file data_2.csv (CSV, C-alpha atoms)
chain,number,residue,atom,x,y,z
A,1,MET,CA,10.4,-1.8,-10.7
A,2,VAL,CA,7.6,-3.8,-9.2
A,3,LEU,CA,7.4,-7.6,-9.6
A,4,VAL,CA,4.3,-9.4,-8.4
A,5,VAL,CA,4.0,-13.1,-8.3
A,6,GLY,CA,0.7,-14.5,-7.0
A,7,LEU,CA,-0.2,-18.1,-6.2
A,8,GLY,CA,-3.5,-18.8,-4.5
A,9,ALA,CA,-7.1,-19.8,-5.0
A,10,LEU,CA,-9.3,-17.1,-6.5
A,11,GLY,CA,-7.7,-13.9,-5.5
A,12,ALA,CA,-9.8,-10.8,-5.0
A,13,GLY,CA,-11.2,-9.5,-8.3
A,14,VAL,CA,-10.8,-12.7,-10.2
A,15,ALA,CA,-13.9,-14.1,-11.9
A,16,CYS,CA,-15.2,-17.2,-10.2
A,17,ALA,CA,-16.4,-20.3,-12.1
A,18,SER,CA,-17.4,-22.1,-8.9
A,19,PRO,CA,-20.6,-21.7,-6.9
A,20,SER,CA,-20.7,-18.4,-4.9
A,21,ASP,CA,-21.2,-20.2,-1.6
A,22,GLU,CA,-17.8,-22.0,-1.8
A,23,PRO,CA,-15.0,-20.5,0.4
A,24,ARG,CA,-12.5,-18.6,-1.6
A,25,GLY,CA,-8.9,-17.6,-0.9
A,26,GLY,CA,-5.8,-16.2,-2.5
A,27,SER,CA,-2.3,-15.1,-1.8
A,28,LEU,CA,0.0,-12.7,-3.6
A,29,LEU,CA,3.7,-11.8,-3.3
A,30,ARG,CA,4.6,-8.3,-4.4
A,31,LEU,CA,8.2,-7.1,-4.8
A,32,PHE,CA,8.9,-3.4,-5.4
A,33,ASN,CA,12.1,-1.4,-6.1
A,34,ASP,CA,12.3,2.2,-7.1
A,35,SER,CA,14.9,4.6,-8.5
A,36,GLN,CA,16.1,5.4,-5.0
A,37,ASN,CA,16.7,1.7,-4.3
A,38,VAL,CA,13.9,1.6,-1.7
A,39,SER,CA,12.6,-2.0,-1.8
A,40,VAL,CA,9.3,-3.3,-0.5
A,41,ARG,CA,8.2,-7.0,-0.1
A,42,SER,CA,4.5,-7.6,0.5
A,43,MET,CA,2.9,-11.0,1.2
A,44,MET,CA,-0.8,-10.7,1.0
A,45,GLY,CA,-3.8,-13.0,1.4
A,46,ASP,CA,-7.5,-12.7,0.8
A,47,TYR,CA,-10.2,-15.1,2.0
A,48,ARG,CA,-14.0,-15.2,1.8
A,49,PHE,CA,-16.4,-17.3,3.9
A,50,THR,CA,-20.1,-17.7,3.4
A,51,LEU,CA,-22.3,-17.4,6.5
A,52,PRO,CA,-26.0,-18.1,7.1
A,53,ARG,CA,-28.7,-15.6,6.2
A,54,ASP,CA,-26.9,-14.4,3.0
A,55,GLN,CA,-23.9,-13.1,5.0
A,56,ALA,CA,-20.2,-13.3,4.2
A,57,LEU,CA,-17.0,-12.7,6.0
A,58,THR,CA,-13.9,-11.6,4.2
A,59,LEU,CA,-10.4,-11.3,5.5
A,60,HIS,CA,-7.4,-9.5,4.0
A,61,TRP,CA,-3.9,-9.6,5.5
A,62,ASN,CA,-0.6,-8.1,4.5
A,63,ASN,CA,2.9,-8.6,5.8
A,64,GLU,CA,5.1,-5.8,4.4
A,65,ARG,CA,8.9,-5.4,4.7
A,66,VAL,CA,10.4,-2.0,3.7
A,67,LEU,CA,14.1,-1.5,3.2
A,68,ILE,CA,15.5,2.0,2.9
A,69,PRO,CA,19.2,1.8,1.9
A,70,ALA,CA,22.0,3.4,3.8
A,71,ILE,CA,23.4,6.7,2.6
A,72,ASP,CA,25.9,6.2,-0.2
A,73,ALA,CA,28.1,9.3,0.1
A,74,PRO,CA,31.3,10.3,1.9
A,75,VAL,CA,30.8,11.2,5.6
A,76,GLY,CA,30.5,15.0,5.9
A,77,SER,CA,30.0,15.6,2.2
A,78,THR,CA,27.3,17.9,0.8
A,79,GLU,CA,25.5,14.8,-0.7
A,80,ALA,CA,25.5,13.1,2.7
A,81,VAL,CA,24.2,16.1,4.6
A,82,ASP,CA,21.4,16.6,2.0
A,83,ALA,CA,20.4,12.9,2.3
A,84,ILE,CA,20.4,12.9,6.1
A,85,THR,CA,18.4,16.1,6.3
A,86,THR,CA,15.6,14.9,4.1
A,87,ALA,CA,15.6,11.3,5.4
A,88,SER,CA,12.1,9.8,6.0
A,89,ARG,CA,13.4,7.5,8.7
A,90,PRO,CA,15.4,7.7,12.0
A,91,ILE,CA,19.0,8.5,11.0
A,92,SER,CA,20.8,9.4,14.2
A,93,GLY,CA,23.9,7.2,14.4
A,94,ASP,CA,22.6,4.9,11.6
A,95,ALA,CA,22.6,7.0,8.5
A,96,TYR,CA,25.1,4.7,6.9
A,97,ARG,CA,23.2,1.5,7.6
A,98,ASP,CA,20.1,0.1,5.9
A,99,PHE,CA,16.9,0.8,7.7
A,100,ILE,CA,14.2,-1.9,7.8
A,101,LYS,CA,10.6,-1.5,8.8
A,102,VAL,CA,8.0,-4.3,9.0
A,103,ARG,CA,4.2,-3.6,8.8
A,104,ASN,CA,1.4,-6.0,9.4
A,105,GLU,CA,-2.2,-5.2,8.5
A,106,VAL,CA,-5.6,-7.0,8.7
A,107,THR,CA,-9.0,-5.9,7.3
A,108,THR,CA,-12.1,-7.9,8.1
A,109,THR,CA,-15.5,-7.2,6.5
A,110,LEU,CA,-18.9,-8.6,7.5
A,111,SER,CA,-21.4,-8.1,4.7
A,112,ARG,CA,-25.0,-9.0,3.7
A,113,PRO,CA,-27.0,-7.7,0.8
A,114,HIS,CA,-27.0,-3.8,0.9
A,115,LEU,CA,-25.0,-3.6,4.2
A,116,ALA,CA,-21.3,-4.0,5.1
A,117,LEU,CA,-19.2,-3.5,8.3
A,118,ASP,CA,-15.4,-3.4,8.2
A,119,TYR,CA,-12.5,-3.1,10.7
A,120,TYR,CA,-8.9,-2.3,9.7
A,121,TYR,CA,-5.9,-2.8,11.9
A,122,SER,CA,-2.3,-2.0,11.0
A,123,THR,CA,0.8,-2.0,13.2
A,124,GLU,CA,4.5,-1.2,12.7
A,125,SER,CA,7.4,-0.2,15.0
A,126,ASP,CA,6.3,3.4,15.3
A,127,TYR,CA,2.7,3.5,14.0
A,128,LEU,CA,-0.6,1.8,15.0
A,129,GLY,CA,-3.6,2.5,12.8
A,130,GLN,CA,-7.3,1.4,13.3
A,131,GLN,CA,-10.5,2.1,11.4
A,132,LEU,CA,-14.2,1.2,11.6
A,133,GLY,CA,-16.5,1.6,8.7
A,134,VAL,CA,-20.0,1.0,7.5
A,135,ARG,CA,-21.5,1.0,4.0
A,136,VAL,CA,-25.2,0.7,2.9
A,137,ASP,CA,-26.8,0.8,-0.5
A,138,ARG,CA,-30.2,0.6,-2.1
A,139,ASP,CA,-31.6,-0.2,-5.6
A,140,PHE,CA,-34.2,2.0,-7.3
A,141,ARG,CA,-36.0,2.2,-10.6
A,142,GLY,CA,-36.2,-1.5,-11.1
A,143,GLU,CA,-32.6,-2.1,-10.1
A,144,GLN,CA,-31.4,0.4,-12.8
A,145,PHE,CA,-30.1,2.8,-10.2
A,146,ASN,CA,-28.1,2.1,-7.1
A,147,LEU,CA,-27.1,4.6,-4.3
A,148,SER,CA,-24.4,3.7,-1.8
A,149,LEU,CA,-23.5,5.6,1.3
A,150,GLY,CA,-20.4,5.0,3.4
A,151,THR,CA,-18.6,6.4,6.4
A,152,SER,CA,-15.7,5.5,8.6
A,153,PHE,CA,-13.6,6.7,11.5
A,154,GLY,CA,-9.9,6.0,11.9
A,155,TRP,CA,-7.7,6.6,14.9
A,156,ASP,CA,-3.9,6.3,14.7
A,157,ALA,CA,-1.2,6.3,17.4
A,158,ILE,CA,2.2,7.6,16.3
A,159,SER,CA,5.3,6.9,18.4
A,160,PRO,CA,8.5,8.0,16.5
A,161,LEU,CA,11.5,5.9,17.2
A,162,ALA,CA,14.2,7.4,19.5
A,163,ASP,CA,16.3,9.7,17.4
A,164,ASP,CA,18.4,12.8,18.4
A,165,ASP,CA,17.2,14.5,15.2
A,166,THR,CA,13.5,13.7,15.8
A,167,PRO,CA,11.8,16.4,17.9
A,168,GLY,CA,8.6,15.9,19.9
A,169,GLY,CA,7.2,12.6,21.2
A,170,ASP,CA,4.1,10.5,20.8
A,171,ASP,CA,1.2,11.9,18.8
A,172,THR,CA,-2.1,10.9,17.2
A,173,LYS,CA,-4.2,11.3,14.1
A,174,ASN,CA,-7.9,10.9,13.5
A,175,THR,CA,-9.7,10.7,10.2
A,176,PHE,CA,-13.5,11.0,9.6
A,177,HIS,CA,-14.7,9.9,6.1
A,178,VAL,CA,-18.0,10.0,4.3
A,179,ASN,CA,-18.9,9.2,0.7
A,180,ALA,CA,-21.9,8.8,-1.6
A,181,VAL,CA,-21.7,6.9,-4.9
A,182,ALA,CA,-24.5,6.5,-7.5
A,183,THR,CA,-24.5,3.8,-10.2
A,184,GLN,CA,-26.9,4.1,-13.1
A,185,VAL,CA,-27.6,1.8,-16.0
A,186,LEU,CA,-28.1,4.1,-19.0
A,187,SER,CA,-28.6,1.2,-21.5
A,188,PRO,CA,-27.8,-2.5,-21.7
A,189,ALA,CA,-24.3,-1.5,-22.8
A,190,THR,CA,-23.6,1.8,-20.9
A,191,LEU,CA,-23.0,2.2,-17.2
A,192,LEU,CA,-22.6,5.6,-15.4
A,193,ARG,CA,-21.0,6.0,-12.0
A,194,TYR,CA,-20.4,9.2,-10.1
A,195,GLY,CA,-19.9,10.2,-6.5
A,196,VAL,CA,-18.4,12.6,-3.9
A,197,GLU,CA,-16.1,12.1,-0.9
A,198,TYR,CA,-15.3,14.2,2.1
A,199,ASN,CA,-12.5,13.7,4.7
A,200,VAL,CA,-11.5,15.6,7.9
A,201,VAL,CA,-8.1,14.8,9.3
A,202,ASN,CA,-6.8,16.0,12.6
A,203,GLY,CA,-3.4,15.4,14.2
A,204,LEU,CA,0.1,14.7,13.0
A,205,GLN,CA,0.2,14.9,9.2
A,206,HIS,CA,3.9,15.4,8.4
A,207,ASN,CA,6.8,13.0,8.5
A,208,PRO,CA,8.3,13.2,12.1
A,209,TYR,CA,11.7,12.2,10.8
A,210,ARG,CA,12.1,14.6,7.9
A,211,ASN,CA,13.9,18.0,8.2
A,212,VAL,CA,13.9,21.0,5.9
A,213,PHE,CA,16.5,23.6,4.9
A,214,ALA,CA,15.0,26.9,6.0
A,215,GLY,CA,16.7,30.3,6.6
A,216,GLY,CA,20.1,28.7,6.5
A,217,SER,CA,19.2,26.2,9.2
A,218,ILE,CA,18.0,22.6,9.3
A,219,VAL,CA,14.6,22.5,11.0
A,220,PRO,CA,11.9,19.8,11.4
A,221,GLU,CA,9.2,19.5,8.8
A,222,ARG,CA,5.8,20.9,10.0
A,223,HIS,CA,2.4,20.5,8.3
A,224,PRO,CA,-1.0,21.8,9.6
A,225,ASP,CA,-2.7,19.6,12.2
A,226,HIS,CA,-6.1,20.0,10.4
A,227,ARG,CA,-7.0,19.2,6.8
A,228,GLU,CA,-10.3,19.0,5.0
A,229,ARG,CA,-10.3,17.0,1.7
A,230,ARG,CA,-13.0,16.9,-0.9
A,231,ASP,CA,-13.3,15.2,-4.2
A,232,ALA,CA,-15.8,14.2,-6.9
A,233,PHE,CA,-15.6,11.7,-9.7
A,234,VAL,CA,-17.5,10.5,-12.7
A,235,ARG,CA,-17.0,7.3,-14.7
A,236,VAL,CA,-18.6,6.0,-17.9
A,237,SER,CA,-18.2,2.4,-19.1
A,238,GLN,CA,-19.3,1.5,-22.6
A,239,TYR,CA,-19.5,-2.1,-23.9
A,240,PHE,CA,-19.3,-3.0,-27.5
A,241,GLU,CA,-20.5,-6.0,-29.6
A,242,ASN,CA,-16.9,-6.9,-30.6
A,243,ARG,CA,-16.3,-8.1,-27.0
A,244,SER,CA,-14.5,-4.9,-25.9
A,245,SER,CA,-15.2,-2.1,-23.5
A,246,LEU,CA,-14.1,1.5,-23.0
A,247,ARG,CA,-14.0,3.3,-19.7
A,248,PHE,CA,-13.5,7.1,-19.2
A,249,ASN,CA,-13.1,8.6,-15.8
A,250,TYR,CA,-12.5,12.1,-14.3
A,251,ARG,CA,-11.8,13.1,-10.7
A,252,MET,CA,-11.5,16.6,-9.2
A,253,TYR,CA,-9.9,17.1,-5.8
A,254,GLN,CA,-9.6,20.2,-3.4
A,255,ASP,CA,-8.4,20.7,0.1
A,256,ASP,CA,-7.9,23.6,2.6
A,257,TRP,CA,-4.1,23.3,2.2
A,258,GLY,CA,-4.4,24.9,-1.2
A,259,ILE,CA,-4.0,21.8,-3.4
A,260,PHE,CA,-6.4,21.5,-6.3
A,261,SER,CA,-6.1,18.6,-8.7
A,262,HIS,CA,-7.5,17.0,-11.8
A,263,GLU,CA,-7.2,13.4,-12.9
A,264,THR,CA,-8.5,11.9,-16.1
A,265,GLY,CA,-8.0,8.6,-17.7
A,266,ALA,CA,-9.2,6.0,-20.2
A,267,ARG,CA,-9.1,2.2,-20.3
A,268,LEU,CA,-9.7,-0.1,-23.3
A,269,SER,CA,-10.3,-3.8,-22.7
A,270,GLN,CA,-10.5,-6.2,-25.6
A,271,TYR,CA,-10.9,-10.0,-25.9
A,272,VAL,CA,-8.2,-11.3,-28.2
A,273,THR,CA,-9.8,-14.7,-28.2
A,274,SER,CA,-11.9,-16.8,-25.8
A,275,GLY,CA,-10.2,-16.8,-22.4
A,276,LEU,CA,-7.6,-14.1,-23.3
A,277,PHE,CA,-8.1,-10.4,-23.1
A,278,ALA,CA,-5.8,-7.3,-23.3
A,279,ARG,CA,-6.2,-4.0,-21.5
A,280,TYR,CA,-4.6,-0.6,-22.4
A,281,GLU,CA,-4.7,2.3,-20.0
A,282,TYR,CA,-3.7,6.0,-19.8
A,283,ARG,CA,-4.0,8.4,-16.9
A,284,TRP,CA,-3.1,12.1,-16.6
A,285,TYR,CA,-2.8,13.9,-13.2
A,286,SER,CA,-2.1,17.6,-12.4
A,287,GLN,CA,-2.1,19.5,-9.1
A,288,THR,CA,-1.3,22.9,-7.6
A,289,ALA,CA,1.1,23.3,-4.7
A,290,ALA,CA,0.1,23.6,-1.0
A,291,THR,CA,0.1,27.2,0.2
A,292,PHE,CA,3.0,26.6,2.6
A,293,HIS,CA,5.3,24.7,0.2
A,294,ARG,CA,8.4,26.5,-1.1
A,295,ASP,CA,11.4,25.2,-3.0
A,296,LEU,CA,13.4,27.5,-0.7
A,297,TYR,CA,12.4,28.9,2.7
A,298,THR,CA,14.0,32.3,3.4
A,299,SER,CA,13.5,32.0,7.2
A,300,ALA,CA,13.5,29.2,9.7
A,301,GLY,CA,9.9,29.9,10.5
A,302,GLY,CA,8.9,28.9,7.0
A,303,ILE,CA,5.4,30.1,6.1
A,304,GLY,CA,3.5,30.9,9.3
A,305,GLY,CA,5.5,28.2,11.1
A,306,LEU,CA,4.8,25.6,8.4
A,307,ARG,CA,7.5,23.9,6.3
A,308,SER,CA,7.5,20.9,3.9
A,309,GLY,CA,10.1,18.8,2.3
A,310,ASP,CA,7.5,16.5,0.7
A,311,TYR,CA,7.5,16.7,-3.1
A,312,ARG,CA,3.8,15.7,-3.1
A,313,MET,CA,3.0,19.1,-1.6
A,314,ASP,CA,4.5,20.8,-4.7
A,315,ALA,CA,2.9,21.5,-8.0
A,316,LEU,CA,3.2,18.5,-10.3
A,317,SER,CA,1.8,16.7,-13.3
A,318,SER,CA,2.2,13.0,-14.2
A,319,HIS,CA,1.4,10.5,-16.8
A,320,LEU,CA,0.8,6.7,-16.6
A,321,PHE,CA,0.7,4.3,-19.5
A,322,GLY,CA,-0.3,0.7,-18.9
A,323,PHE,CA,-0.8,-2.6,-20.7
A,324,SER,CA,-1.9,-6.0,-19.4
A,325,LEU,CA,-2.8,-9.5,-20.6
A,326,ASP,CA,-5.2,-11.9,-18.7
A,327,LEU,CA,-5.4,-15.6,-19.5
A,328,ASP,CA,-8.2,-17.8,-18.2
A,329,MET,CA,-7.3,-21.5,-18.8
A,330,GLY,CA,-10.7,-22.5,-17.5
A,331,VAL,CA,-12.0,-21.3,-20.9
A,332,MET,CA,-9.1,-22.2,-23.1
A,333,ALA,CA,-8.5,-25.7,-21.6
A,334,ALA,CA,-11.8,-26.5,-20.0
A,335,GLN,CA,-11.4,-30.2,-20.6
A,336,VAL,CA,-8.0,-30.5,-19.0
A,337,PRO,CA,-8.3,-31.0,-15.3
A,338,GLY,CA,-4.8,-29.8,-14.5
A,339,LEU,CA,-5.3,-26.5,-16.4
A,340,ARG,CA,-8.9,-25.5,-16.2
A,341,ARG,CA,-8.5,-24.1,-12.7
A,342,LEU,CA,-5.6,-21.8,-13.6
A,343,GLY,CA,-5.5,-18.2,-14.5
A,344,MET,CA,-2.5,-16.0,-15.4
A,345,ARG,CA,-1.9,-12.3,-15.9
A,346,LEU,CA,0.8,-9.9,-16.8
A,347,ASP,CA,0.7,-6.1,-16.2
A,348,TYR,CA,3.1,-3.4,-17.1
A,349,GLU,CA,2.9,0.4,-16.2
A,350,ARG,CA,5.2,3.3,-17.0
A,351,TYR,CA,4.8,6.3,-14.7
A,352,PHE,CA,6.7,9.6,-14.7
A,353,ASN,CA,6.0,13.1,-13.3
A,354,SER,CA,7.3,16.7,-13.6
A,355,ASN,CA,9.2,16.4,-10.3
A,356,ASN,CA,11.9,14.2,-11.9
A,357,TYR,CA,10.4,10.9,-10.6
A,358,SER,CA,9.7,7.9,-12.8
A,359,ALA,CA,8.9,4.2,-12.3
A,360,ASN,CA,8.5,1.0,-14.3
A,361,ILE,CA,5.9,-1.3,-12.7
A,362,LEU,CA,5.6,-4.9,-13.7
A,363,GLU,CA,3.2,-7.4,-12.2
A,364,SER,CA,2.7,-11.0,-13.0
A,365,GLY,CA,0.2,-13.3,-11.3
A,366,LEU,CA,-0.9,-17.0,-11.2
A,367,GLU,CA,-4.3,-17.9,-9.8
A,368,PHE,CA,-5.6,-21.4,-8.9
A,369,ARG,CA,-9.3,-22.0,-8.4
A,370,PHE,CA,-10.7,-24.6,-6.1
call {"tool": "encode", "arguments": {"input": "data_2.csv", "output": "structure tokens"}}
result
Amino acid sequence: MVLVVGLGALGAGVACASPSDEPRGGSLLRLFNDSQNVSVRSMMGDYRFTLPRDQALTLHWNNERVLIPAIDAPVGSTEAVDAITTASRPISGDAYRDFIKVRNEVTTTLSRPHLALDYYYSTESDYLGQQLGVRVDRDFRGEQFNLSLGTSFGWDAISPLADDDTPGGDDTKNTFHVNAVATQVLSPATLLRYGVEYNVVNGLQHNPYRNVFAGGSIVPERHPDHRERRDAFVRVSQYFENRSSLRFNYRMYQDDWGIFSHETGARLSQYVTSGLFARYEYRWYSQTAATFHRDLYTSAGGIGGLRSGDYRMDALSSHLFGFSLDLDMGVMAAQVPGLRRLGMRLDYERYFNSNNYSANILESGLEFRF
């Protein structure tokens, strides 16, 4: 279950009724709990400042607290051994105590028309991530066609916490990313967007705390140190005269680990009345398994020295159903000073996949414009 309660001033993605050169800000509190009783508390903030020469500076921050519950099984039992073996955290000596991790992240973006530069910084007790990116775009055909090109480079430092069951020491991971996105106006009511993305990842890409049963032994998880990821997408948005819109999207993904996936979805948005609209969403996803993933490894060496206990490396399919309501009091109560700056929303999603995992996601938000 996810519960989101937001209170701020014009959070990201919220329509703004005030002039564009006014500073904007927003905060959001997100609470998450899944079927494994893992809980996450995220406190986020978004701010935007207008600078001279049509420039803008945006800042996003997030303070996140993750709690992984202690193992709830008798010491030495099969259930306890299984839980300890597949743990995604340090467990030596502390398997029966809650594990808490705190992460802080900041993203800053300096932008001007057709150009944006951004820097990302994230830190936690065993991980430091940084990334630099740049994005440029140009309009063509009388502003009916826009082409955007982006690239980024990320470098991460990984320092697993001391644990008798965690082999190896400090490690690194680097990610190079490039994308191209085209947006085309087909008609006053139809918008087409399509693009491609390419990533090259080098370095540690498995969980340093997770072990795998292989050949009758408990051995560390091991994924390849190199991965090339490619995907392409297309999205069509159609607007109708009854104040509704329909969006279709499709994405295809492939990497050199053997995973090939398809994702397709649709979203219908409809104004119920002025200031109130509803949205209905469905998404389907399917993927093949990585070449080195097995439900059972017959030898400790796995497949060419590679072993995985990550269900995301297995073949799977999933479904997501969503519904949301968005209320803008600035339209419904424009003459009431205390209400016209308010906006409220409620979102619900139901997710389930073929690997016996499901989740109910509920988000509620309150925005205040200034």
call {"tool": "closest_atom_pairs", "arguments": {"input": "data_2.csv", "of": "region 213-284 of chain A", "to": "region 303-321 of chain A", "cutoff": "6 Å", "atoms": "only C-alpha atoms", "output": "Markdown table"}}
result
| residue | atom | partner | partner_atom | distance |
| --- | --- | --- | --- | --- |
| A:Glu221 | CA | A:Arg307 | CA | 5.3 |
| A:Arg222 | CA | A:Arg307 | CA | 5.1 |
| A:His223 | CA | A:Leu306 | CA | 5.6 |
| A:Glu281 | CA | A:Phe321 | CA | 5.8 |
| A:Tyr282 | CA | A:Phe321 | CA | 4.7 |
| A:Arg283 | CA | A:Leu320 | CA | 5.1 |
| A:Trp284 | CA | A:His319 | CA | 4.8 |
call {"tool": "atom_distance", "arguments": {"input": "data_2.csv", "atom1": "CA of Gln270 (chain A)", "atom2": "CA of Ser245 (chain A)"}}
result
6.6 Å
call {"tool": "residues_around", "arguments": {"input": "data_2.csv", "residues": "Arg235 (chain A)", "least_positions_apart": "6", "cutoff": "7 Å", "atoms": "all atoms listed in the file", "output": "VMD selection string"}}
result
chain A and resid 192 to 194 248 to 250
call {"tool": "closest_residue", "arguments": {"input": "data_2.csv", "among": "A:Asn63, A:Asn207, A:Ser324, A:Ser358", "to": "Thr123 (chain A)", "atoms": "all atoms listed in the file"}}
result
A:Asn63
call {"tool": "atom_distance", "arguments": {"input": "data_2.csv", "atom1": "CA of Asp137 (chain A)", "atom2": "CA of Ser111 (chain A)"}}
result
11.6 Å
call {"tool": "atom_distance", "arguments": {"input": "data_2.csv", "atom1": "CA of Leu132 (chain A)", "atom2": "CA of Met44 (chain A)"}}
result
20.8 Å
